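In what follows, a structure is listed as structure tokens, so that the remarks can point back to it.
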Amino acid sequence: MSKFSKKNQSLVTPVVISAAVAASALISGAANAQSQVSPSEQVQLRPSAVAQNVTSVSQLSDVRPTDWAFTALQSLVERYGCIAGYPDRTFRGKQATSRYEFAAGLNACLDKINEIISAGLADKVSKEDLATLQKLQEEFAAELATLRGRVDALDAKVTKLEAQQFSTTTKLRGEAIFGLVAGSDGTTTTGVDKTNVVFNYRARLNLDTSFTGKDLLRTRLQASNTANFNDLVGGTAGNSTRLSYDGFSTAANTFELNRLYYKFPVGDNLTAYIAPIGQTEDIINPLNPLESDSQATISRFGRFNPLIRIGSSGNPAVAGFDWKLSDKVNFQAAYTASNAAAATGAGGVTGGDTKIAAQFVFKPADALTLGVGYANAYTNSAGLTGNGLGSGLNNESVVTGISGVKSDTVVGSLIWDITKKFTFNTWGSWTFANNSAGSATLTSWVAALSGKDLFTEGDLAAILFGQPLFTSSTSGITASTDTPYHLEAFYRFRVSKNISITPGVFFVFNQNSASTNGTATVGVIRTTFSF
């Protein structure tokens with residue numbers, strides 16, 4: 001613009017102003033064009049600078065009638081409607097612009113005037129303005145040709161993508177886990193240590209569909225050959241040596257439908273969730289920064305407190321909601337039924353293993369999150385609590401074959417971001433259970449310290465110590481009395497945006513609440529591919 005002399009300023013000012021404003025609105029085009037402009041001509045563009053059409057110059061808060069450009073702006077608005085402002089209704093006339101930005105704005109004005117002429121309103125465009133436009137077109141011919149070429153190329157690419165894309169509403173997301181695992185249950189049989197080294201995998205494909213941009217229909221396909229690891233270390237651990245990513249519903253190496261749920265907003269503050277195949281943690285926050293089975297903890301115990309998993313065997317049907325009561329308080333609730341699709345026997349939405357759970361989540365400060373939860377569960381199958389978290393009466397022979405176990409569970413959780421890098425989290429639970437054989441109280445807790453981005457961005461280190469489910473008291477039945485403990489450490493290395501490697505180890509002392517079961521040791525090298 002420095003090529004325009006003072007004597008031509010009055011002639012080109014209206015179009016120059018319009019071009020500058022329209023250029024500010026065309027952020028994406030201008031940002032791409034900058035790569036061909038010299039550094040001295042480039043300008044820092046703000047992401048918020050999105051065009052806002054105005055119908056009166058008075059709508060621009062920083063333009064006053066005493067400004068030298070006021071009359072020109074007023075003319076552009078009234079005669080051509082060729083003007084735009086920023087989202088905050090400002091004009092920012094003193095902001096610098098490059099030649100490519102100017103050319104983009106000029107092109108917008110040319111299109112606007114062509115619309116007027118095509119509508120048979122040529123008399124609305126003065127000869128002086130047409131002469132000015134012709135001069136500007138000649139001056140910026142190269143830039144205009146470049147920009148129009150870019151627009152044509154983008155149109156062609158968009159057309160090609162629309163023709164080739166899988167769906168306009170669905171995105172495919174995938175994940176694969178390779179696991180090298182070594183484990184020992186710490187006991188011997190005929191002088192042979194029960195040690196195993198296995199190489200396993202899990203693959204997931206998520207089809208995520210959104211119809212409004214705010215809802216989510218997730219269809220997940222999963223295949224795995226990772227059996228429950230307690231079976232591989234002798235079976236005495238009682239689920240407490242299970243890996244974070246183990247388990248499959250039907251058969252190994254077979255793709256199965258692992259999730260099918262729809263989550264959608266109801267008003268501004270409520271999110272509803274309905275799932276023929278789901279899990280409680282999809283709608284009730286586990287309040288655990290280490291919960292991810294592919295990117296964080298390496299053990300199942302490290303993922304969930306009993307509120308999430310108690311009475312939730314398999315992949316039950318789930319209905320629930322997350323209600324934002326205020327900026328600092330959420331109320332979450334869910335109902336699960338493990339055999340909802342069955343029409344006979346212990347089936348239907350009220351048959352099989354069922355649970356109703358609720359949780360208040362408080363965030364009194366940015367660095368602090370608190371949770372209080374309650375679950376009432378009915379386990380129709382044999383076993384006391386049906387949670388797969390190990391220890392306690394869940395695996396005691398005294399309740400084998402006895403159905404109809406009722407339980408009430410209370411959980412308290414805390415997450416404290418000590419610094420931007422370090423986080424402390426903990427939870428504790430109490431479960432009061434009973435059936436026809438008697439009653440029992442079970443307790444469990446964990447405390448963990450984690451650090452992120454310690455050496456490189458994306459890394460995560462953590463150490464956690466806790467007590468798996470332990471029967472602290474009983475009435476009418478007997479249980480082992482040795483307190484089990486779980487100690488775990490892992491470090492996740494981010495190899496690239498899509499690949500991470502997590503070596504780790506965990507120990508389970510007094511497995512299944514019996515010191516005679518020894519100490520289980522499980523070492524894991526988990527490689528995760530995300531795409």
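Letters for chains follow the order of the structure tokens (A, B, ...), residue numbers begin at 1 for each chain, and ligand numbers begin at 1 in the order shown.
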
- Message: According to DSSP computed on the backbone, where in region 123-324 of chain A is there strand (DSSP E or B)? Give the residues as an NGL selection string.
- Response: :A and (170-189 or 192-209 or 216-224 or 243 or 256-266 or 270-277 or 299 or 317-324)

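In this comparison, which uses only C-alpha atoms, the residue of A:Asn510, A:Ser240, A:Ser439, A:Thr354 approaching Thr478 (chain A) most closely is A:Ser439.
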
- Find the residues around region 355-367 of chain A up to 8 Å (only C-alpha atoms counted), leave out those fewer than 4 positions away in its own chain, and share them as a list of chain:residue names.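 Non-adjacent residues within range: A:Ile284, A:Leu307, A:Ile310, A:Gly311, A:Ser312, A:Lys328, A:Val329, A:Asn330, A:Phe331, A:Gln332, A:Ala333, A:Ala334, A:Tyr335, A:Thr336, A:Ala337, A:Gly371, A:Val372, A:Gly373, A:Tyr374, A:Ala375, A:Asn376, A:Ala377, A:Tyr378, A:Ile415, A:Trp416, A:Asp417, A:Ile418.
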
Would you put the residues from that selection into a file with N, CA and C atoms, as a PDB file, in the first residue's frame?
ATOM      1  N   ILE A 284     -19.875 -41.898  34.921  1.00  0.00           N
ATOM      2  CA  ILE A 284     -19.440 -41.507  36.261  1.00  0.00           C
ATOM      3  C   ILE A 284     -17.926 -41.416  36.283  1.00  0.00           C
ATOM      4  N   LEU A 307     -16.707 -48.357  43.527  1.00  0.00           N
ATOM      5  CA  LEU A 307     -17.913 -47.673  43.068  1.00  0.00           C
ATOM      6  C   LEU A 307     -18.136 -47.911  41.579  1.00  0.00           C
ATOM      7  N   ILE A 310     -18.105 -52.442  41.077  1.00  0.00           N
ATOM      8  CA  ILE A 310     -18.914 -53.381  41.851  1.00  0.00           C
ATOM      9  C   ILE A 310     -20.245 -53.628  41.150  1.00  0.00           C
ATOM     10  N   GLY A 311     -20.632 -54.903  41.029  1.00  0.00           N
ATOM     11  CA  GLY A 311     -21.892 -55.245  40.377  1.00  0.00           C
ATOM     12  C   GLY A 311     -21.929 -54.927  38.904  1.00  0.00           C
ATOM     13  N   SER A 312     -20.764 -54.814  38.248  1.00  0.00           N
ATOM     14  CA  SER A 312     -20.716 -54.435  36.826  1.00  0.00           C
ATOM     15  C   SER A 312     -19.934 -55.462  36.012  1.00  0.00           C
ATOM     16  N   LYS A 328     -18.728 -25.427  40.008  1.00  0.00           N
ATOM     17  CA  LYS A 328     -17.877 -26.181  40.928  1.00  0.00           C
ATOM     18  C   LYS A 328     -18.449 -27.523  41.361  1.00  0.00           C
ATOM     19  N   VAL A 329     -19.680 -27.832  40.969  1.00  0.00           N
ATOM     20  CA  VAL A 329     -20.318 -29.054  41.457  1.00  0.00           C
ATOM     21  C   VAL A 329     -21.033 -29.787  40.315  1.00  0.00           C
ATOM     22  N   ASN A 330     -20.763 -31.104  40.214  1.00  0.00           N
ATOM     23  CA  ASN A 330     -21.486 -31.978  39.291  1.00  0.00           C
ATOM     24  C   ASN A 330     -22.113 -33.132  40.067  1.00  0.00           C
ATOM     25  N   PHE A 331     -23.276 -33.561  39.601  1.00  0.00           N
ATOM     26  CA  PHE A 331     -23.916 -34.750  40.165  1.00  0.00           C
ATOM     27  C   PHE A 331     -24.067 -35.773  39.054  1.00  0.00           C
ATOM     28  N   GLN A 332     -23.528 -36.975  39.295  1.00  0.00           N
ATOM     29  CA  GLN A 332     -23.542 -38.029  38.282  1.00  0.00           C
ATOM     30  C   GLN A 332     -24.262 -39.254  38.836  1.00  0.00           C
ATOM     31  N   ALA A 333     -25.016 -39.944  37.985  1.00  0.00           N
ATOM     32  CA  ALA A 333     -25.743 -41.129  38.423  1.00  0.00           C
ATOM     33  C   ALA A 333     -25.848 -42.122  37.276  1.00  0.00           C
ATOM     34  N   ALA A 334     -25.927 -43.426  37.627  1.00  0.00           N
ATOM     35  CA  ALA A 334     -26.032 -44.458  36.601  1.00  0.00           C
ATOM     36  C   ALA A 334     -26.740 -45.683  37.164  1.00  0.00           C
ATOM     37  N   TYR A 335     -27.433 -46.393  36.276  1.00  0.00           N
ATOM     38  CA  TYR A 335     -28.039 -47.683  36.602  1.00  0.00           C
ATOM     39  C   TYR A 335     -27.486 -48.702  35.626  1.00  0.00           C
ATOM     40  N   THR A 336     -27.043 -49.865  36.123  1.00  0.00           N
ATOM     41  CA  THR A 336     -26.477 -50.891  35.256  1.00  0.00           C
ATOM     42  C   THR A 336     -27.205 -52.213  35.455  1.00  0.00           C
ATOM     43  N   ALA A 337     -27.300 -52.981  34.377  1.00  0.00           N
ATOM     44  CA  ALA A 337     -27.894 -54.317  34.411  1.00  0.00           C
ATOM     45  C   ALA A 337     -27.062 -55.222  33.514  1.00  0.00           C
ATOM     46  N   GLY A 371     -14.501 -36.017  45.422  1.00  0.00           N
ATOM     47  CA  GLY A 371     -15.662 -36.800  45.031  1.00  0.00           C
ATOM     48  C   GLY A 371     -16.194 -37.637  46.180  1.00  0.00           C
ATOM     49  N   VAL A 372     -17.528 -37.750  46.268  1.00  0.00           N
ATOM     50  CA  VAL A 372     -18.185 -38.617  47.237  1.00  0.00           C
ATOM     51  C   VAL A 372     -19.220 -39.436  46.474  1.00  0.00           C
ATOM     52  N   GLY A 373     -19.100 -40.779  46.570  1.00  0.00           N
ATOM     53  CA  GLY A 373     -19.994 -41.623  45.801  1.00  0.00           C
ATOM     54  C   GLY A 373     -20.631 -42.730  46.609  1.00  0.00           C
ATOM     55  N   TYR A 374     -21.761 -43.232  46.110  1.00  0.00           N
ATOM     56  CA  TYR A 374     -22.487 -44.325  46.765  1.00  0.00           C
ATOM     57  C   TYR A 374     -23.028 -45.259  45.694  1.00  0.00           C
ATOM     58  N   ALA A 375     -22.968 -46.581  45.960  1.00  0.00           N
ATOM     59  CA  ALA A 375     -23.524 -47.570  45.039  1.00  0.00           C
ATOM     60  C   ALA A 375     -24.282 -48.627  45.826  1.00  0.00           C
ATOM     61  N   ASN A 376     -25.454 -48.958  45.321  1.00  0.00           N
ATOM     62  CA  ASN A 376     -26.238 -50.068  45.859  1.00  0.00           C
ATOM     63  C   ASN A 376     -26.304 -51.132  44.779  1.00  0.00           C
ATOM     64  N   ALA A 377     -25.785 -52.327  45.089  1.00  0.00           N
ATOM     65  CA  ALA A 377     -25.675 -53.366  44.066  1.00  0.00           C
ATOM     66  C   ALA A 377     -26.329 -54.664  44.525  1.00  0.00           C
ATOM     67  N   TYR A 378     -26.795 -55.421  43.540  1.00  0.00           N
ATOM     68  CA  TYR A 378     -27.337 -56.751  43.780  1.00  0.00           C
ATOM     69  C   TYR A 378     -26.636 -57.700  42.817  1.00  0.00           C
ATOM     70  N   ILE A 415      -8.236 -35.573  44.094  1.00  0.00           N
ATOM     71  CA  ILE A 415      -7.163 -35.324  43.121  1.00  0.00           C
ATOM     72  C   ILE A 415      -6.603 -33.940  43.414  1.00  0.00           C
ATOM     73  N   TRP A 416      -5.304 -33.873  43.660  1.00  0.00           N
ATOM     74  CA  TRP A 416      -4.655 -32.605  43.986  1.00  0.00           C
ATOM     75  C   TRP A 416      -3.492 -32.380  43.027  1.00  0.00           C
ATOM     76  N   ASP A 417      -3.615 -31.357  42.182  1.00  0.00           N
ATOM     77  CA  ASP A 417      -2.518 -30.963  41.289  1.00  0.00           C
ATOM     78  C   ASP A 417      -1.553 -30.096  42.090  1.00  0.00           C
ATOM     79  N   ILE A 418      -0.522 -30.724  42.617  1.00  0.00           N
ATOM     80  CA  ILE A 418       0.422 -30.014  43.480  1.00  0.00           C
ATOM     81  C   ILE A 418       1.115 -28.902  42.707  1.00  0.00           C
TER      82      ILE A 418
END

- Message: Neighbouring residues of Val508 (chain A) were defined as those with any atom within 6 Å, considering only C-alpha atoms; residues of the same chain fewer than 5 positions away were excluded. Please report them as a ChimeraX atom specification.
- Response: /A:485-486,519-520

Preceding selection exported with all heavy atoms as a PDB file, in the first residue's frame:
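Everything below was put into selection.pdb:
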ATOM      1  N   TYR A 485      -1.768 -56.066  49.973  1.00  0.00           N
ATOM      2  CA  TYR A 485      -1.274 -54.750  49.555  1.00  0.00           C
ATOM      3  C   TYR A 485      -0.813 -54.815  48.105  1.00  0.00           C
ATOM      4  O   TYR A 485      -0.402 -55.872  47.613  1.00  0.00           O
ATOM      5  CB  TYR A 485      -0.126 -54.284  50.451  1.00  0.00           C
ATOM      6  CG  TYR A 485      -0.537 -53.996  51.871  1.00  0.00           C
ATOM      7  CD1 TYR A 485      -0.230 -54.887  52.893  1.00  0.00           C
ATOM      8  CD2 TYR A 485      -1.254 -52.841  52.186  1.00  0.00           C
ATOM      9  CE1 TYR A 485      -0.619 -54.633  54.210  1.00  0.00           C
ATOM     10  CE2 TYR A 485      -1.649 -52.575  53.495  1.00  0.00           C
ATOM     11  CZ  TYR A 485      -1.329 -53.476  54.494  1.00  0.00           C
ATOM     12  OH  TYR A 485      -1.727 -53.225  55.786  1.00  0.00           O
ATOM     13  N   HIS A 486      -0.868 -53.659  47.464  1.00  0.00           N
ATOM     14  CA  HIS A 486      -0.494 -53.545  46.049  1.00  0.00           C
ATOM     15  C   HIS A 486       0.491 -52.381  45.903  1.00  0.00           C
ATOM     16  O   HIS A 486       0.196 -51.261  46.319  1.00  0.00           O
ATOM     17  CB  HIS A 486      -1.752 -53.287  45.207  1.00  0.00           C
ATOM     18  CG  HIS A 486      -1.509 -53.091  43.740  1.00  0.00           C
ATOM     19  ND1 HIS A 486      -1.844 -54.041  42.805  1.00  0.00           N
ATOM     20  CD2 HIS A 486      -0.981 -52.053  43.032  1.00  0.00           C
ATOM     21  CE1 HIS A 486      -1.542 -53.589  41.600  1.00  0.00           C
ATOM     22  NE2 HIS A 486      -1.022 -52.386  41.713  1.00  0.00           N
ATOM     23  N   THR A 519       3.857 -63.583  47.445  1.00  0.00           N
ATOM     24  CA  THR A 519       3.828 -62.263  46.804  1.00  0.00           C
ATOM     25  C   THR A 519       3.898 -62.427  45.296  1.00  0.00           C
ATOM     26  O   THR A 519       4.848 -63.026  44.777  1.00  0.00           O
ATOM     27  CB  THR A 519       5.003 -61.393  47.270  1.00  0.00           C
ATOM     28  OG1 THR A 519       4.897 -61.188  48.686  1.00  0.00           O
ATOM     29  CG2 THR A 519       5.007 -60.043  46.561  1.00  0.00           C
ATOM     30  N   ALA A 520       2.898 -61.927  44.607  1.00  0.00           N
ATOM     31  CA  ALA A 520       2.891 -61.981  43.142  1.00  0.00           C
ATOM     32  C   ALA A 520       3.709 -60.820  42.585  1.00  0.00           C
ATOM     33  O   ALA A 520       3.646 -59.691  43.091  1.00  0.00           O
ATOM     34  CB  ALA A 520       1.467 -61.915  42.618  1.00  0.00           C
TER      35      ALA A 520
END

- Item | Nearest to Arg218 (chain A), chosen from A:Arg92, A:Lys135, A:Arg259, A:Lys324, with only C-alpha atoms counted in the distances | A:Arg259

- Looking only at the backbone, which of the residues in region 203-363 of chain A does DSSP tag as alpha helix (DSSP H), as a list in words?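 Across region 203-363 of chain A, those assigned alpha helix (DSSP H) are Pro306, Leu307, Ile308 and Arg309 of chain A.
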
Would you put the residues from that selection into a file with all heavy atoms, as a PDB file, in the first residue's frame?
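Once written, result-v7.pdb looks like this:
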ATOM      1  N   PRO A 306     -14.107 -49.441  43.874  1.00  0.00           N
ATOM      2  CA  PRO A 306     -15.273 -50.332  43.805  1.00  0.00           C
ATOM      3  C   PRO A 306     -16.573 -49.660  43.356  1.00  0.00           C
ATOM      4  O   PRO A 306     -17.468 -50.343  42.845  1.00  0.00           O
ATOM      5  CB  PRO A 306     -15.389 -50.861  45.239  1.00  0.00           C
ATOM      6  CG  PRO A 306     -13.993 -50.823  45.756  1.00  0.00           C
ATOM      7  CD  PRO A 306     -13.405 -49.566  45.168  1.00  0.00           C
ATOM      8  N   LEU A 307     -16.707 -48.357  43.527  1.00  0.00           N
ATOM      9  CA  LEU A 307     -17.913 -47.673  43.068  1.00  0.00           C
ATOM     10  C   LEU A 307     -18.136 -47.911  41.579  1.00  0.00           C
ATOM     11  O   LEU A 307     -19.276 -48.088  41.122  1.00  0.00           O
ATOM     12  CB  LEU A 307     -17.803 -46.168  43.339  1.00  0.00           C
ATOM     13  CG  LEU A 307     -18.946 -45.305  42.792  1.00  0.00           C
ATOM     14  CD1 LEU A 307     -20.189 -45.493  43.636  1.00  0.00           C
ATOM     15  CD2 LEU A 307     -18.541 -43.831  42.759  1.00  0.00           C
ATOM     16  N   ILE A 308     -17.071 -47.919  40.815  1.00  0.00           N
ATOM     17  CA  ILE A 308     -17.167 -48.057  39.370  1.00  0.00           C
ATOM     18  C   ILE A 308     -17.461 -49.494  38.962  1.00  0.00           C
ATOM     19  O   ILE A 308     -18.301 -49.757  38.106  1.00  0.00           O
ATOM     20  CB  ILE A 308     -15.859 -47.568  38.709  1.00  0.00           C
ATOM     21  CG1 ILE A 308     -15.579 -46.109  39.083  1.00  0.00           C
ATOM     22  CG2 ILE A 308     -15.921 -47.754  37.203  1.00  0.00           C
ATOM     23  CD1 ILE A 308     -16.622 -45.127  38.624  1.00  0.00           C
ATOM     24  N   ARG A 309     -16.767 -50.456  39.574  1.00  0.00           N
ATOM     25  CA  ARG A 309     -16.828 -51.829  39.086  1.00  0.00           C
ATOM     26  C   ARG A 309     -17.735 -52.773  39.866  1.00  0.00           C
ATOM     27  O   ARG A 309     -18.095 -53.838  39.371  1.00  0.00           O
ATOM     28  CB  ARG A 309     -15.417 -52.411  39.055  1.00  0.00           C
ATOM     29  CG  ARG A 309     -14.619 -51.993  37.833  1.00  0.00           C
ATOM     30  CD  ARG A 309     -15.293 -52.453  36.562  1.00  0.00           C
ATOM     31  NE  ARG A 309     -14.495 -52.141  35.391  1.00  0.00           N
ATOM     32  CZ  ARG A 309     -14.853 -52.402  34.144  1.00  0.00           C
ATOM     33  NH1 ARG A 309     -16.005 -52.966  33.917  1.00  0.00           N
ATOM     34  NH2 ARG A 309     -14.080 -52.087  33.128  1.00  0.00           N
TER      35      ARG A 309
END

- Message: Neighbouring residues of Lys263 (chain A) were defined as those with any atom within 9 Å, considering only C-alpha atoms; residues of the same chain fewer than 5 positions away were excluded. Please report them as an MDAnalysis selection string.
- Response: chainID A and resid 214:218 271:275 283 321

- Message: Show me, as a PyMOL selection string, the residues that have an atom within 9 Å of Ser530 (chain A) when counting only C-alpha atoms, minus same-chain residues fewer than 3 positions from it.
- Response: chain A and resi 173-177+497-500

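Minimum atom-to-atom distance to Gly438 (chain A), evaluated using only C-alpha atoms, belongs to A:Ala479 out of A:Ala346, A:Leu243, A:Ala479, A:Val77.
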
- Item | Polymer residues at most 8 Å from Ile298 (chain A), only C-alpha atoms, same-chain spacing of 2 or more positions, as a ChimeraX atom specification | /A:243-245,293-294,296,300,302,490,504-505,524

Since we have the selection now, will you write its residues out, keeping all heavy atoms, as an mmCIF file, in the first residue's frame?
data_model
loop_
_atom_site.group_PDB
_atom_site.id
_atom_site.type_symbol
_atom_site.label_atom_id
_atom_site.label_comp_id
_atom_site.auth_asym_id
_atom_site.auth_seq_id
_atom_site.Cartn_x
_atom_site.Cartn_y
_atom_site.Cartn_z
ATOM 1 N N LEU A 243 -4.204 -57.396 34.522
ATOM 2 C CA LEU A 243 -3.620 -56.255 33.832
ATOM 3 C C LEU A 243 -4.691 -55.220 33.530
ATOM 4 O O LEU A 243 -5.884 -55.521 33.488
ATOM 5 C CB LEU A 243 -2.961 -56.723 32.530
ATOM 6 C CG LEU A 243 -1.904 -57.820 32.650
ATOM 7 C CD1 LEU A 243 -1.442 -58.256 31.265
ATOM 8 C CD2 LEU A 243 -0.719 -57.337 33.490
ATOM 9 N N SER A 244 -4.246 -53.997 33.258
ATOM 10 C CA SER A 244 -5.201 -52.919 32.977
ATOM 11 C C SER A 244 -6.007 -53.185 31.715
ATOM 12 O O SER A 244 -7.163 -52.771 31.604
ATOM 13 C CB SER A 244 -4.455 -51.585 32.848
ATOM 14 O OG SER A 244 -3.547 -51.629 31.744
ATOM 15 N N TYR A 245 -5.416 -53.891 30.757
ATOM 16 C CA TYR A 245 -6.059 -54.052 29.447
ATOM 17 C C TYR A 245 -6.479 -55.494 29.162
ATOM 18 O O TYR A 245 -6.800 -55.833 28.021
ATOM 19 C CB TYR A 245 -5.107 -53.572 28.336
ATOM 20 C CG TYR A 245 -3.805 -54.335 28.250
ATOM 21 C CD1 TYR A 245 -3.669 -55.440 27.416
ATOM 22 C CD2 TYR A 245 -2.701 -53.957 29.013
ATOM 23 C CE1 TYR A 245 -2.482 -56.134 27.344
ATOM 24 C CE2 TYR A 245 -1.507 -54.640 28.944
ATOM 25 C CZ TYR A 245 -1.394 -55.732 28.108
ATOM 26 O OH TYR A 245 -0.208 -56.430 28.041
ATOM 27 N N ASP A 293 -6.350 -47.434 30.587
ATOM 28 C CA ASP A 293 -5.778 -48.780 30.522
ATOM 29 C C ASP A 293 -4.694 -48.913 29.464
ATOM 30 O O ASP A 293 -3.983 -49.919 29.420
ATOM 31 C CB ASP A 293 -6.869 -49.818 30.283
ATOM 32 C CG ASP A 293 -7.656 -49.558 29.002
ATOM 33 O OD1 ASP A 293 -7.331 -48.597 28.286
ATOM 34 O OD2 ASP A 293 -8.613 -50.316 28.723
ATOM 35 N N SER A 294 -4.551 -47.908 28.611
ATOM 36 C CA SER A 294 -3.549 -47.973 27.543
ATOM 37 C C SER A 294 -2.431 -46.953 27.689
ATOM 38 O O SER A 294 -1.358 -47.115 27.100
ATOM 39 C CB SER A 294 -4.227 -47.756 26.180
ATOM 40 O OG SER A 294 -4.858 -46.484 26.135
ATOM 41 N N ALA A 296 -1.822 -45.228 31.016
ATOM 42 C CA ALA A 296 -1.465 -44.932 32.411
ATOM 43 C C ALA A 296 -1.213 -46.232 33.169
ATOM 44 O O ALA A 296 -0.337 -46.999 32.795
ATOM 45 C CB ALA A 296 -2.546 -44.077 33.060
ATOM 46 N N ARG A 300 -5.229 -53.592 36.762
ATOM 47 C CA ARG A 300 -6.662 -53.327 36.858
ATOM 48 C C ARG A 300 -6.989 -52.628 38.174
ATOM 49 O O ARG A 300 -7.833 -51.731 38.223
ATOM 50 C CB ARG A 300 -7.438 -54.646 36.761
ATOM 51 C CG ARG A 300 -8.943 -54.484 36.697
ATOM 52 C CD ARG A 300 -9.598 -55.856 36.618
ATOM 53 N NE ARG A 300 -11.040 -55.783 36.524
ATOM 54 C CZ ARG A 300 -11.727 -55.655 35.403
ATOM 55 N NH1 ARG A 300 -11.079 -55.563 34.256
ATOM 56 N NH2 ARG A 300 -13.035 -55.614 35.413
ATOM 57 N N GLY A 302 -5.227 -50.519 39.720
ATOM 58 C CA GLY A 302 -4.856 -49.113 39.627
ATOM 59 C C GLY A 302 -5.844 -48.254 38.878
ATOM 60 O O GLY A 302 -5.749 -47.024 38.889
ATOM 61 N N PHE A 490 5.406 -47.225 37.222
ATOM 62 C CA PHE A 490 5.539 -47.305 35.763
ATOM 63 C C PHE A 490 6.039 -45.964 35.224
ATOM 64 O O PHE A 490 5.959 -44.937 35.901
ATOM 65 C CB PHE A 490 4.207 -47.687 35.097
ATOM 66 C CG PHE A 490 3.127 -46.649 35.211
ATOM 67 C CD1 PHE A 490 3.032 -45.602 34.302
ATOM 68 C CD2 PHE A 490 2.186 -46.708 36.232
ATOM 69 C CE1 PHE A 490 2.033 -44.639 34.403
ATOM 70 C CE2 PHE A 490 1.181 -45.769 36.339
ATOM 71 C CZ PHE A 490 1.116 -44.727 35.428
ATOM 72 N N GLY A 504 6.724 -51.156 33.370
ATOM 73 C CA GLY A 504 6.276 -51.017 34.748
ATOM 74 C C GLY A 504 6.289 -52.351 35.465
ATOM 75 O O GLY A 504 6.457 -53.412 34.852
ATOM 76 N N VAL A 505 6.109 -52.297 36.770
ATOM 77 C CA VAL A 505 6.069 -53.502 37.581
ATOM 78 C C VAL A 505 5.121 -53.286 38.752
ATOM 79 O O VAL A 505 4.968 -52.155 39.231
ATOM 80 C CB VAL A 505 7.483 -53.870 38.100
ATOM 81 C CG1 VAL A 505 8.039 -52.770 38.998
ATOM 82 C CG2 VAL A 505 7.488 -55.211 38.823
ATOM 83 N N VAL A 524 5.673 -55.531 33.183
ATOM 84 C CA VAL A 524 4.975 -55.260 31.917
ATOM 85 C C VAL A 524 5.773 -54.278 31.067
ATOM 86 O O VAL A 524 6.316 -53.294 31.588
ATOM 87 C CB VAL A 524 3.569 -54.672 32.173
ATOM 88 C CG1 VAL A 524 2.848 -54.381 30.867
ATOM 89 C CG2 VAL A 524 2.741 -55.590 33.052
#

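Take CA of Asp129 (chain A) and CA of Val63 (chain A): the distance between them is 22.6 Å.
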